[in-house]
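Undergrad: Here you go, one structure.
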Amino acid sequence: MSELTIASTHIIERYLSMELVRVTERAAVSAARLRGHGNEKAADQAAVDAMRRELNRLPIDGEIVIGEGERDEAPMLFIGEKVGNRHGPKVHIAVDPLEGTTLCAKDMPGAIAVMAMAEAGKLLYAPDVYMDKIAIGPGYAQGVIDLDASPTDNIHAMAKAKGVKPHEISALVMDRPRHAKLIEEIRKTGASIRLITDGDVAGVIFCTEPEKTGIDIYMGIGGAPEGVLAAAALRCVGGQMQGRLILDTEEKRVRAHGMGVLDPNKKYDMSEMASGDVIVSATGVTDGGMLSGVKFGKEVIETETIVYRSITGTVRRIYGEHREFGKFKLD
């Protein structure tokens, strides 16, 4: 395929929405070919290779600000890597070519390929550390939740805002030993908990469609890069999210400072993690509560993708039927 070149003052608003779909579709299909093979690294590398290849065909002057790690840790899609054909707007990009590598390797629900694109300087340059997070979906007054409030207070506030009892609230938490006290406290309120083993980005995005996913609130500690990706998607539909980097060693604080984090205790709101014109695309790798996984047929490969645009608040679901299998092959 030849490189694309297009001139438009509104390219990031319109044309690139569909191009991002193609990027996450390619990554998802490449990873899905290794579903259930038990090889996390191979599945992740396949997704990385495909995503990078497609990104470099886009008419953008792009830079990875959330990626596979720093240059010495990741050969491709590392933080600071330049992508695109340089014939287009300057943009910053956050990627997770395969979120849920273990889920894919074990063919379990919820693995996705996801990326966000924004105007340069509009995505938080987050180091690869943990982040304490809380998030809810759209339709609530600002200030309903607060990262500094107790889980009990947040559950009760959410119930009041929704007009229900606490036992009718459903929280999503990653199943980790570090969350034992959080889980215990949430259950004492009467609220139910859905535990997930992986899929931090999708976990927050679940809040965007509580009627479909059954999730009202996300709480707990996960990756900071995943937090930025999730905030980008949530912001497109008007949800709420707060996060705080966990910089518990001097090495982490120094590294974060070098990336522009001047206040190590800062509580970021959603718009500070992702602002301006943002587009987010996520394609299912394995079947999950939000997206169907890739389906391989004799003559058709089927994909499902969800695309968010902050500038319009639009959410699109795109069901793809791909008959040209060659576009998914390695160069």
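Naming scheme: A, B, ... for chains in displayed order of the structure tokens; residues 1 onward per chain; ligands 1 onward as shown.
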Report the closest atom pair, with its distance in Å rounded to one decimal, for each residue of stretch 6-111 of chain A that has an atom no farther than 9 Å from stretch 228-236 of chain A; count only C-alpha atoms, sort by chain and then rising residue number, and write it as a tab-separated table.

TA:
```
residue	atom	partner	partner_atom	distance
A:Ile66	CA	A:Val228	CA	8.1
A:Ala94	CA	A:Leu229	CA	6.4
A:Val95	CA	A:Leu229	CA	7.6
A:Asp96	CA	A:Leu229	CA	8.3
```

Undergrad: Write out as JSON, numbers by chain the set of residues from stretch 126-203 of chain A that DSSP, computed on the backbone, places in helix (DSSP H, G or I).

TA: {"A": [151, 152, 153, 154, 155, 156, 157, 158, 159, 160, 161, 162, 166, 167, 168, 177, 178, 179, 180, 181, 182, 183, 184, 185, 186, 187, 188, 200, 201, 202, 203]}

Undergrad: Let me make sure I understand: among A:Ala105, A:Ile217, A:Leu58, A:Ile136, which one has the smallest atom-to-atom distance to A:Asn85 if we use only C-alpha atoms?

TA: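 Between A:Ala105, A:Ile217, A:Leu58, A:Ile136, the residue approaching A:Asn85 most closely is A:Leu58.
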
Undergrad: Grab the atom CA of A:Val129 to atom CA of A:Pro97 distance for me, in Å with one decimal place.

TA: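 Rounded to one decimal, the two atoms are 18.1 Å apart.
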
Undergrad: To one decimal place in Å, what is the distance between atom CA of A:Arg316 and atom CA of A:Met18?

TA: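 Atom CA of A:Met18 lies at a distance of 10.3 Å from atom CA of A:Arg316.
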
Undergrad: Quick one: everything within 7 Å of stretch 303-312 of chain A, counting only C-alpha atoms, minus sequence neighbours fewer than 3 positions away in the same chain. Send it as number ranges by chain.

TA: A: 21, 25, 233, 235-236, 277-284, 291-295, 315-321

Undergrad: Output C-alpha atoms for every residue in that selection, as a JSON list (two decimals), in the first residue's frame.

TA:
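Generated file (result_7.json):
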```json
[["chain", "number", "residue", "atom", "x", "y", "z"],
["A", 21, "VAL", "CA", -9.90, 2.31, 12.89],
["A", 25, "GLU", "CA", -8.07, -3.38, 13.21],
["A", 233, "ALA", "CA", -12.01, 7.80, 25.75],
["A", 235, "ARG", "CA", -13.60, 12.51, 28.01],
["A", 236, "CYS", "CA", -15.19, 12.01, 24.59],
["A", 277, "ASP", "CA", -9.31, 17.38, 20.04],
["A", 278, "VAL", "CA", -8.97, 13.67, 20.84],
["A", 279, "ILE", "CA", -9.84, 10.57, 18.84],
["A", 280, "VAL", "CA", -9.80, 7.09, 20.40],
["A", 281, "SER", "CA", -10.15, 3.79, 18.57],
["A", 282, "ALA", "CA", -10.44, 0.33, 20.17],
["A", 283, "THR", "CA", -10.87, -2.99, 18.34],
["A", 284, "GLY", "CA", -11.78, -6.25, 20.04],
["A", 291, "LEU", "CA", -16.48, -5.47, 21.97],
["A", 292, "SER", "CA", -16.65, -8.71, 20.03],
["A", 293, "GLY", "CA", -13.34, -10.31, 19.17],
["A", 294, "VAL", "CA", -11.92, -10.99, 15.74],
["A", 295, "LYS", "CA", -13.76, -13.73, 13.82],
["A", 315, "VAL", "CA", -19.32, 7.34, 19.52],
["A", 316, "ARG", "CA", -19.33, 5.03, 16.50],
["A", 317, "ARG", "CA", -19.38, 1.25, 16.39],
["A", 318, "ILE", "CA", -17.88, -0.14, 13.23],
["A", 319, "TYR", "CA", -18.43, -3.74, 12.20],
["A", 320, "GLY", "CA", -15.88, -4.66, 9.58],
["A", 321, "GLU", "CA", -16.01, -7.51, 7.08]]
```

Undergrad: How would you write, as a ChimeraX atom specification, the set of residues in stretch 110-240 of chain A that DSSP gives as strand (DSSP E)?

TA: /A:112-119,130-136,170-174,192-196,217-223,240

Undergrad: For A:Leu245, work out the shell of residues within 8 Å, counting only C-alpha atoms and skipping chain neighbours fewer than 6 positions away, then give it as a ChimeraX atom specification.

TA: /A:129-132,224,264-267

Undergrad: For the selection just defined, write its residues with C-alpha atoms to a file, as an mmCIF file, in the first residue's frame.

TA:
```cif
data_model
loop_
_atom_site.group_PDB
_atom_site.id
_atom_site.type_symbol
_atom_site.label_atom_id
_atom_site.label_comp_id
_atom_site.auth_asym_id
_atom_site.auth_seq_id
_atom_site.Cartn_x
_atom_site.Cartn_y
_atom_site.Cartn_z
ATOM 1 C CA VAL A 129 4.312 3.685 36.744
ATOM 2 C CA TYR A 130 1.138 2.896 38.644
ATOM 3 C CA MET A 131 -1.753 5.329 38.964
ATOM 4 C CA ASP A 132 -4.559 5.414 41.521
ATOM 5 C CA ALA A 224 -0.557 5.249 34.404
ATOM 6 C CA PRO A 264 4.510 14.161 42.325
ATOM 7 C CA ASN A 265 1.323 14.295 44.444
ATOM 8 C CA LYS A 266 -0.875 16.042 41.891
ATOM 9 C CA LYS A 267 -4.429 14.782 41.452
#
```

Undergrad: Select, from A:Asp49, A:Glu299, A:Glu19, A:Glu99, the residue with the minimum atom-to-atom distance to A:Gly199, counting only C-alpha atoms.

TA: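 Residue with the minimum atom-to-atom distance to A:Gly199: A:Glu99.
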
Undergrad: With only C-alpha atoms as the atoms that count, which of A:Met117, A:Ala161, A:Ala126, A:Val29 lies nearest to A:Gln142?

TA: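 Residue with the minimum atom-to-atom distance to A:Gln142: A:Ala161.
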